[in-house]
Number of protein chains: 2
Amino acid sequence: MLVLSVVLASVAPPIAGPIDPVARVILALAVVLVGAKLGGEIAERLGQPAVLGELLAGILLGNLALVGVSWVESIPADATIDVLAKLGAVLLLFEVGLESTVGDIMKVGGRAFTVATLGVITPWVLGWGVGALFLPHSSPYVHAFLGAALTATSVGITARVLNDLGRAQSPEARVILGAAVIDDVMGLVILAGITSVISTADRGTGVSYLDLAFVFGKALVFLVGALVAGRALSPRLFGLAGRLRGQGQGILLITALVVCFLLAYVASAVGLAPIVGAYAAGLVLEEAHYVELVGRSGRSLQDLVRPIATFLVPVFFVVMGMRVRLQTFAHPDILGLAGLLTIAAIVGKQACALGGLGAPLNKLAIGIGMIPRGEVGLIFANLGLGLTLHGEPVVSQGIYSAVVIMVVLTALITPPALTWCFRRAAAEPVVAWQGVVVPALAAAAGDGGADGAPHRFLWSAYRQAQPWLSASRAGRAAAPDPPQKARPPGARPPLKSA
Amino acid sequence: MLVLSVVLASVAPPIAGPIDPVARVILALAVVLVGAKLGGEIAERLGQPAVLGELLAGILLGNLALVGVSWVESIPADATIDVLAKLGAVLLLFEVGLESTVGDIMKVGGRAFTVATLGVITPWVLGWGVGALFLPHSSPYVHAFLGAALTATSVGITARVLNDLGRAQSPEARVILGAAVIDDVMGLVILAGITSVISTADRGTGVSYLDLAFVFGKALVFLVGALVAGRALSPRLFGLAGRLRGQGQGILLITALVVCFLLAYVASAVGLAPIVGAYAAGLVLEEAHYVELVGRSGRSLQDLVRPIATFLVPVFFVVMGMRVRLQTFAHPDILGLAGLLTIAAIVGKQACALGGLGAPLNKLAIGIGMIPRGEVGLIFANLGLGLTLHGEPVVSQGIYSAVVIMVVLTALITPPALTWCFRRAAAEPVVAWQGVVVPALAAAAGDGGADGAPHRFLWSAYRQAQPWLSASRAGRAAAPDPPQKARPPGARPPLKSA
């Protein structure tokens with residue numbers, strides 16, 4: 001930490017010097033990428049997905065001002081870095097979308113809709129309650145607004161964790177991603193509605209249901225249009241692109257990126273998050289449409305998108321972490337509200353698990369996967385800062401900070417929780433057979449299983465055996481979890497093998 | 001053109017709407033990338049490198065305001081797009097640098113130094129003369145300043161053409177790239193020197209040779225330090241990176257990008273162009289240093305950098321084209337000065353060919369490869385706008401426009417000239433053996449040689465046979481060029497095979 005801060009202080013760019021803007025961005029990117037790799041590495045060694053380490057590295061970098069290094073703090077305020085980070089999120093969702101098709105999503109469509117609806121109503125009600133409890137003198141509109149900030153899942157974190165765990169194509173992933181797209185639309189409509197209600201209440205005129213219907217209609221037309229028309233046009237587009245004579249790799253990659261960027265733009269133009277459009281673009285492009293170009297380029301589209309995502313995605317997560325101001329955690333009253341909001345946000349989304357009933361799905365994973373809040377919550381909070389009701393802003397600075405803390409905590413909780421949840425499901429058979437399987441795996445790990453997979457497997461078995469974990473599983477049918485057996489002599493948790 | 005302008009007008013982003021900044025950038029990227037691919041395609045079908053098409057597509061897009069579409073014009077003014085474009089240039093030079101090693105460059109070091117020196121002195125003298133001719137009433141300092149704007153080669157265009165032609169590893173390429181790095185340093189020192197001379201002449205104090213030595217020293221220390229220390233540290237760095245447990249592709253790519261970004265930043269901090277640092281970084285990283293990581297990732301570093309370059313490099317060239325204002329071509333007096341400056345710039349760099357004497361090098365290619373001017377010329381012009389001598393700006397708006405036109409023209413001339421020059425050299429043996437080789441190749445092409453290479457080869461043979469081409473080769477020893485023979489019945493130039 002000290003070494004880091006000395007190093008970073010010594011490379012501080014001259015503030016007033018004639019430094020090229022590209023140089024400033026490039027230095028920022030170097031710092032962010034180094035932070036991302038080191039943070040991700042530490043997280044992986046602790047058995048956690050890399051994204052958690054990237055977020056924490058971001059928090060560390062963003063608060064170096066506390067130890068006297070202030071220039072790093074300005075990185076997330078740079079407009080270009082901000083756009084690059086968001087471009088990272090767009091590419092991440094595009095990459096995840098590429099791994100599924102529209103058909104895959106249609107199969108889970110009804111279920112995703114149920115999950116989204118449950119996951120919008122419950123947090124809204126709970127958040128409304130938290131508002132009523134903490135701000136008894138405010139208008140119910142303010143309480144409703146606060147609750148509404150909890151409705152929309154920010155799917156970036158979950159998508160990344162699912163990617164890190166190699167689960168991006170699981171049925172749970174499709175339900176979560178589909179539901180997150182749907183609740184983005186719902187959150188948008190609620191935002192438009194509640195803003196309209198509050199501003200008309202402030203002015204004393206009537207609510208325009210027409211405006212509301214228009215907002216909803218635009219989003220719906222976009223989604224249906226993108227998926228139906230996009231899927232129909234994609235083969236033709238690649239047919240045309242295939243007639244170009246340039247290098248196959250360039251044509252395939254650029255055509256795909258252009259589709260991604262255009263749909264992300266249109267999504268934004270109709271009021272949705274750009275990442276929703278990027279995900280839709282990923283779904284629409286199916287390998288069957290461009291198999292000829294893949295042959296010419298010698299690389300799959302995923303192979304070509306991955307290096308760009310490898311470069312830009314960590315920027316998103318580190319910058320997200322850098323926006324956290326640790327100072328805000330020092331105010332007890334804000335912390336109280338933030339804590340309750342966070343609980344409402346987490347508990348509220350567990351209703352999503354009900355949407356998974358009656359199918360062989362990991363219900364807990366669905367509930368956990370829907371937890372992260374992000375842009376939409378922050379957009380609500382930001383809008384609330386500027387919205388007034390009877391001369392008072394709907395969202396005060398204190399409430400704003402509480403929403404930010406809620407966003408950060410839900411983002412930090414999801415990666416370890418989701419990892420635990422998937423590994424737990426995977427480890428269940430191990431517990432039953434552990435007398436045979438675990439010692440064998442331990443022996444393999446002791447022989448230097450270098451890729452870490454046996455370690456991880458053991459680690460989940462090990463954690464399964466911890467009393468505090470089994471306590472949290474009380475009331476479930478399976479597994480007695482004897483600690484001694486689950487951690488045989490040869491097995492080391494990856495924590496110590498670092 | 002009409003269709004294009006209607007389409008682009010219809011997707012115009014709402015100017016005042018609450019559009020996400022990332023959405024604006026993403027739309028701009030989509031437009032730029034589509035322009036780049038279509039322009040590149042047309043250029044390639046005409047037997048020219050794709051970069052020429054990208055520049056021309058940029059000029060077209062940037063001047064759509066002339067037919068009523070004005071929002072596209074604002075793209076190059078966007079700060080983020082500007083940085084992304086420059087990031088593209090950085091990645092291009094990094095990619096080109098990766099294809100050579102420090103040792104390769106050292107081998108041509110003395111020659112590159114001679115080439116650079118000749119290529120700095122002659123255009124400076126010629127430009128000085130043009131200034132004295134056109135601006136007889138200005139101070140000789142102004143003439144010297146104008147000449148100095150012609151000194152430094154902007155290597156982006158040449159590097160890209162060499163890449164497009166698959167010549168990035170030729171000895172000529174190494175001499176050109178090495179010389180361009182060296183003349184960037186020389187240009188920098190001249191800029192510092194002349195600025196200091198003019199401002200002291202304006203103020204009446206003495207010139208600070210100490211400042212001059214400091215500027216030169218910094219640049220020299222950077223270059224030597226980057227190449228020597230970088231090469232020594234690179235194996236250790238990758239040794240450390242290899243201990244990370246993450247995916248091999250991510251570790252290899254991110255480590256390399258961080259080295260590239262840091263060196264580009266330091267280059268900029270010492271006053272050099274960031275692309276000089278990026279090229280140095282590419283030279284320093286040798287596959288031998290990270291062979292273990294390549295094994296783990298299953299991809300070479302070039303393979304991983306290429307998709308990012310494929311995405312960002314065309315942005316640089318299209319945006320460069322977009323900055324051209326066709327209106328400036330309408331002023332005859334500016335055009336006159338611009339024309340003479342361009343001639344001085346082109347002819348001046350032909351002295352570089354003398355640096356290639358006594359070696360089996362394509363001297364003409366060296367002279368042509370050094371032609372393009374870019375950032376440094378524009379930096380000179382920009383600085384001159386703000387510099388005053390006896391109350392007058394050293395560079396007037398008219399002179400500035402002339403310098404911009406010179407930059408554009410040298411950029412546009414180089415790709416076709418260099419292509420012609422390399423193909424002409426390559427085609428020489430074909431002419432001798434054409435009775436055997438050409439018909440065989442033509443047969444192969446007729447059988448559907450899909451990758452286009454036989455077409456290109458034939459095309460160069462075909463052009464070799466054109467009277468207007470052989471006329472330009474008058475005075476050389478070889479090749480009588482009978483048109484009928486060089487274009488046998490089965491052969492079609494790619495122009496018509498579209």
# chains A, B, ... in the order shown; residues from 1 in each chain; ligands from 1
call {"tool": "interface_residues", "arguments": {"of": "chain B", "to": "chain A", "cutoff": "8 Å", "atoms": "only C-alpha atoms", "output": "NGL selection string"}}
result
:B and (13 or 19-27 or 29-30 or 33-34 or 37 or 40-41 or 44-45 or 79-80 or 83 or 86-87 or 244-246 or 249-251 or 253-255 or 257-259 or 261-262 or 264-265 or 268-269 or 274 or 304-305 or 307-308 or 310-311 or 452)
call {"tool": "write_last_selection", "arguments": {"atoms": "C-alpha atoms", "output": "PDB file, in the first residue's frame"}}
result
ATOM      1  CA  PRO B  13     -28.980  12.066 -32.437  1.00  0.00           C
ATOM      2  CA  ILE B  19     -28.651  11.139 -24.506  1.00  0.00           C
ATOM      3  CA  ASP B  20     -26.004   9.147 -22.655  1.00  0.00           C
ATOM      4  CA  PRO B  21     -22.494  10.305 -23.677  1.00  0.00           C
ATOM      5  CA  VAL B  22     -21.569   6.701 -24.355  1.00  0.00           C
ATOM      6  CA  ALA B  23     -24.502   6.473 -26.778  1.00  0.00           C
ATOM      7  CA  ARG B  24     -23.235   9.440 -28.767  1.00  0.00           C
ATOM      8  CA  VAL B  25     -19.739   7.951 -28.954  1.00  0.00           C
ATOM      9  CA  ILE B  26     -21.109   4.549 -29.873  1.00  0.00           C
ATOM     10  CA  LEU B  27     -23.175   5.952 -32.731  1.00  0.00           C
ATOM     11  CA  LEU B  29     -18.050   4.711 -33.821  1.00  0.00           C
ATOM     12  CA  ALA B  30     -20.662   2.803 -35.812  1.00  0.00           C
ATOM     13  CA  LEU B  33     -16.458   1.947 -38.780  1.00  0.00           C
ATOM     14  CA  VAL B  34     -19.020   1.513 -41.560  1.00  0.00           C
ATOM     15  CA  LYS B  37     -14.999  -0.693 -44.135  1.00  0.00           C
ATOM     16  CA  GLY B  40     -11.327   0.375 -47.473  1.00  0.00           C
ATOM     17  CA  GLU B  41     -13.219  -2.063 -49.676  1.00  0.00           C
ATOM     18  CA  GLU B  44      -8.789  -2.475 -52.220  1.00  0.00           C
ATOM     19  CA  ARG B  45     -10.908  -3.195 -55.283  1.00  0.00           C
ATOM     20  CA  ALA B  79     -12.938  14.623 -27.097  1.00  0.00           C
ATOM     21  CA  THR B  80     -13.530  10.907 -26.572  1.00  0.00           C
ATOM     22  CA  VAL B  83      -8.669  10.013 -27.794  1.00  0.00           C
ATOM     23  CA  LYS B  86      -5.148   8.483 -31.080  1.00  0.00           C
ATOM     24  CA  LEU B  87      -5.372   5.242 -29.137  1.00  0.00           C
ATOM     25  CA  LEU B 244      -0.380 -14.888 -12.078  1.00  0.00           C
ATOM     26  CA  ARG B 245      -3.022 -17.578 -12.176  1.00  0.00           C
ATOM     27  CA  GLY B 246      -5.637 -15.932 -14.385  1.00  0.00           C
ATOM     28  CA  GLN B 249      -4.707 -14.569 -22.790  1.00  0.00           C
ATOM     29  CA  GLY B 250      -5.751 -11.879 -20.358  1.00  0.00           C
ATOM     30  CA  ILE B 251      -2.406 -11.777 -18.582  1.00  0.00           C
ATOM     31  CA  LEU B 253      -2.521  -9.006 -23.429  1.00  0.00           C
ATOM     32  CA  ILE B 254      -2.906  -6.762 -20.390  1.00  0.00           C
ATOM     33  CA  THR B 255       0.785  -6.912 -19.478  1.00  0.00           C
ATOM     34  CA  LEU B 257      -0.840  -3.170 -23.206  1.00  0.00           C
ATOM     35  CA  VAL B 258       0.341  -1.751 -19.892  1.00  0.00           C
ATOM     36  CA  VAL B 259       3.936  -1.648 -21.170  1.00  0.00           C
ATOM     37  CA  PHE B 261       0.617   2.587 -22.532  1.00  0.00           C
ATOM     38  CA  LEU B 262       3.320   3.417 -19.995  1.00  0.00           C
ATOM     39  CA  ALA B 264       3.568   6.007 -24.778  1.00  0.00           C
ATOM     40  CA  TYR B 265       2.824   8.115 -21.724  1.00  0.00           C
ATOM     41  CA  SER B 268       4.538  12.172 -24.298  1.00  0.00           C
ATOM     42  CA  ALA B 269       5.797  13.395 -20.932  1.00  0.00           C
ATOM     43  CA  PRO B 274       2.951   9.013 -27.775  1.00  0.00           C
ATOM     44  CA  LEU B 304      -4.514 -10.788 -29.266  1.00  0.00           C
ATOM     45  CA  VAL B 305      -3.630  -7.200 -30.184  1.00  0.00           C
ATOM     46  CA  PRO B 307      -8.766  -7.361 -32.864  1.00  0.00           C
ATOM     47  CA  ILE B 308      -8.260  -4.246 -30.748  1.00  0.00           C
ATOM     48  CA  THR B 310      -8.892  -3.763 -36.096  1.00  0.00           C
ATOM     49  CA  PHE B 311     -11.454  -1.883 -34.039  1.00  0.00           C
ATOM     50  CA  GLY B 452      -7.168 -12.387 -53.740  1.00  0.00           C
TER      51      GLY B 452
END
call {"tool": "residues_around", "arguments": {"residues": "Leu335 (chain B)", "least_positions_apart": "6", "cutoff": "9 Å", "atoms": "only C-alpha atoms", "output": "JSON, numbers by chain"}}
result
{"B": [328, 329, 401, 402, 405]}
call {"tool": "write_last_selection", "arguments": {"atoms": "N, CA and C atoms", "output": "CSV table (one decimal), in the first residue's frame"}}
result
chain,number,residue,atom,x,y,z
B,328,THR,N,-11.5,24.8,-47.6
B,328,THR,CA,-10.2,25.5,-47.6
B,328,THR,C,-9.6,25.3,-49.0
B,329,PHE,N,-10.0,24.4,-49.7
B,329,PHE,CA,-9.4,24.2,-51.1
B,329,PHE,C,-9.9,25.2,-52.1
B,401,SER,N,-4.0,26.9,-42.7
B,401,SER,CA,-4.8,26.1,-43.6
B,401,SER,C,-3.9,25.5,-44.6
B,402,ALA,N,-2.9,26.2,-45.1
B,402,ALA,CA,-1.9,25.7,-46.1
B,402,ALA,C,-1.2,24.5,-45.5
B,405,ILE,N,-3.5,21.5,-45.4
B,405,ILE,CA,-3.7,20.9,-46.8
B,405,ILE,C,-2.4,20.1,-47.1
call {"tool": "residues_around", "arguments": {"residues": "Leu135 (chain B)", "least_positions_apart": "5", "cutoff": "12 Å", "atoms": "only C-alpha atoms", "output": "count of residues only"}}
result
18
call {"tool": "residues_around", "arguments": {"residues": "Ile121 (chain A)", "least_positions_apart": "4", "cutoff": "8 Å", "atoms": "only C-alpha atoms", "output": "ChimeraX atom specification"}}
result
/A:117,125,151
call {"tool": "closest_residue", "arguments": {"among": "A:Pro393, A:Tyr209, A:Leu150, A:Arg236", "to": "Thr122 (chain A)", "atoms": "only C-alpha atoms"}}
result
A:Leu150
call {"tool": "closest_residue", "arguments": {"among": "B:Ala179, B:Tyr400, B:Ser297, B:Lys349", "to": "Ile379 (chain B)", "atoms": "only C-alpha atoms"}}
result
B:Tyr400
call {"tool": "residues_around", "arguments": {"residues": "Ile413 (chain B)", "least_positions_apart": "6", "cutoff": "12 Å", "atoms": "only C-alpha atoms", "output": "PyMOL selection string"}}
result
chain B and resi 48-49+51-52+55-56+157-158+161+342-343+345-346+368-373+405-407+419-420
call {"tool": "atom_distance", "arguments": {"atom1": "CA of Arg111 (chain A)", "atom2": "CA of Asn163 (chain A)"}}
result
21.7 Å
call {"tool": "residues_around", "arguments": {"residues": "Arg203 (chain A)", "least_positions_apart": "6", "cutoff": "12 Å", "atoms": "only C-alpha atoms", "output": "number ranges by chain"}}
result
A: 196-197, 387-391
call {"tool": "write_last_selection", "arguments": {"atoms": "all heavy atoms", "output": "PDB file, in the first residue's frame"}}
result
ATOM      1  N   SER A 196     -43.180  11.832 -13.527  1.00  0.00           N
ATOM      2  CA  SER A 196     -44.335  12.585 -14.024  1.00  0.00           C
ATOM      3  C   SER A 196     -45.312  12.863 -12.885  1.00  0.00           C
ATOM      4  O   SER A 196     -45.827  13.975 -12.742  1.00  0.00           O
ATOM      5  CB  SER A 196     -44.975  11.776 -15.156  1.00  0.00           C
ATOM      6  OG  SER A 196     -46.341  11.989 -15.226  1.00  0.00           O
ATOM      7  N   VAL A 197     -45.545  11.849 -12.031  1.00  0.00           N
ATOM      8  CA  VAL A 197     -46.464  12.034 -10.901  1.00  0.00           C
ATOM      9  C   VAL A 197     -45.950  13.126  -9.967  1.00  0.00           C
ATOM     10  O   VAL A 197     -46.691  14.025  -9.551  1.00  0.00           O
ATOM     11  CB  VAL A 197     -46.641  10.705 -10.128  1.00  0.00           C
ATOM     12  CG1 VAL A 197     -47.349  10.948  -8.800  1.00  0.00           C
ATOM     13  CG2 VAL A 197     -47.423   9.711 -10.971  1.00  0.00           C
ATOM     14  N   LEU A 387     -35.016  16.847  -8.740  1.00  0.00           N
ATOM     15  CA  LEU A 387     -36.487  16.925  -8.736  1.00  0.00           C
ATOM     16  C   LEU A 387     -36.951  17.558  -7.425  1.00  0.00           C
ATOM     17  O   LEU A 387     -36.481  17.166  -6.352  1.00  0.00           O
ATOM     18  CB  LEU A 387     -37.008  15.486  -8.811  1.00  0.00           C
ATOM     19  CG  LEU A 387     -38.325  15.187  -9.506  1.00  0.00           C
ATOM     20  CD1 LEU A 387     -38.267  15.599 -10.970  1.00  0.00           C
ATOM     21  CD2 LEU A 387     -38.594  13.686  -9.408  1.00  0.00           C
ATOM     22  N   THR A 388     -37.859  18.528  -7.503  1.00  0.00           N
ATOM     23  CA  THR A 388     -38.314  19.147  -6.242  1.00  0.00           C
ATOM     24  C   THR A 388     -39.802  18.903  -6.029  1.00  0.00           C
ATOM     25  O   THR A 388     -40.578  18.783  -6.978  1.00  0.00           O
ATOM     26  CB  THR A 388     -38.071  20.667  -6.243  1.00  0.00           C
ATOM     27  OG1 THR A 388     -38.646  21.217  -7.433  1.00  0.00           O
ATOM     28  CG2 THR A 388     -36.602  20.984  -6.188  1.00  0.00           C
ATOM     29  N   LEU A 389     -40.165  18.807  -4.751  1.00  0.00           N
ATOM     30  CA  LEU A 389     -41.573  18.674  -4.374  1.00  0.00           C
ATOM     31  C   LEU A 389     -41.812  19.671  -3.239  1.00  0.00           C
ATOM     32  O   LEU A 389     -41.168  19.570  -2.182  1.00  0.00           O
ATOM     33  CB  LEU A 389     -41.847  17.235  -3.911  1.00  0.00           C
ATOM     34  CG  LEU A 389     -43.297  16.901  -3.567  1.00  0.00           C
ATOM     35  CD1 LEU A 389     -44.217  17.067  -4.775  1.00  0.00           C
ATOM     36  CD2 LEU A 389     -43.388  15.462  -3.051  1.00  0.00           C
ATOM     37  N   HIS A 390     -42.685  20.612  -3.469  1.00  0.00           N
ATOM     38  CA  HIS A 390     -42.948  21.673  -2.491  1.00  0.00           C
ATOM     39  C   HIS A 390     -41.650  22.349  -2.048  1.00  0.00           C
ATOM     40  O   HIS A 390     -41.408  22.552  -0.859  1.00  0.00           O
ATOM     41  CB  HIS A 390     -43.700  21.123  -1.274  1.00  0.00           C
ATOM     42  CG  HIS A 390     -44.865  20.261  -1.657  1.00  0.00           C
ATOM     43  ND1 HIS A 390     -45.804  20.639  -2.607  1.00  0.00           N
ATOM     44  CD2 HIS A 390     -45.231  19.006  -1.253  1.00  0.00           C
ATOM     45  CE1 HIS A 390     -46.697  19.676  -2.743  1.00  0.00           C
ATOM     46  NE2 HIS A 390     -46.373  18.669  -1.941  1.00  0.00           N
ATOM     47  N   GLY A 391     -40.780  22.611  -2.987  1.00  0.00           N
ATOM     48  CA  GLY A 391     -39.573  23.369  -2.703  1.00  0.00           C
ATOM     49  C   GLY A 391     -38.405  22.569  -2.149  1.00  0.00           C
ATOM     50  O   GLY A 391     -37.299  23.084  -2.024  1.00  0.00           O
TER      51      GLY A 391
END
call {"tool": "atom_distance", "arguments": {"atom1": "CA of Tyr290 (chain A)", "atom2": "CA of Gly103 (chain A)"}}
result
17.1 Å
call {"tool": "atom_distance", "arguments": {"atom1": "CA of Leu93 (chain B)", "atom2": "CA of Ala365 (chain B)"}}
result
19.0 Å
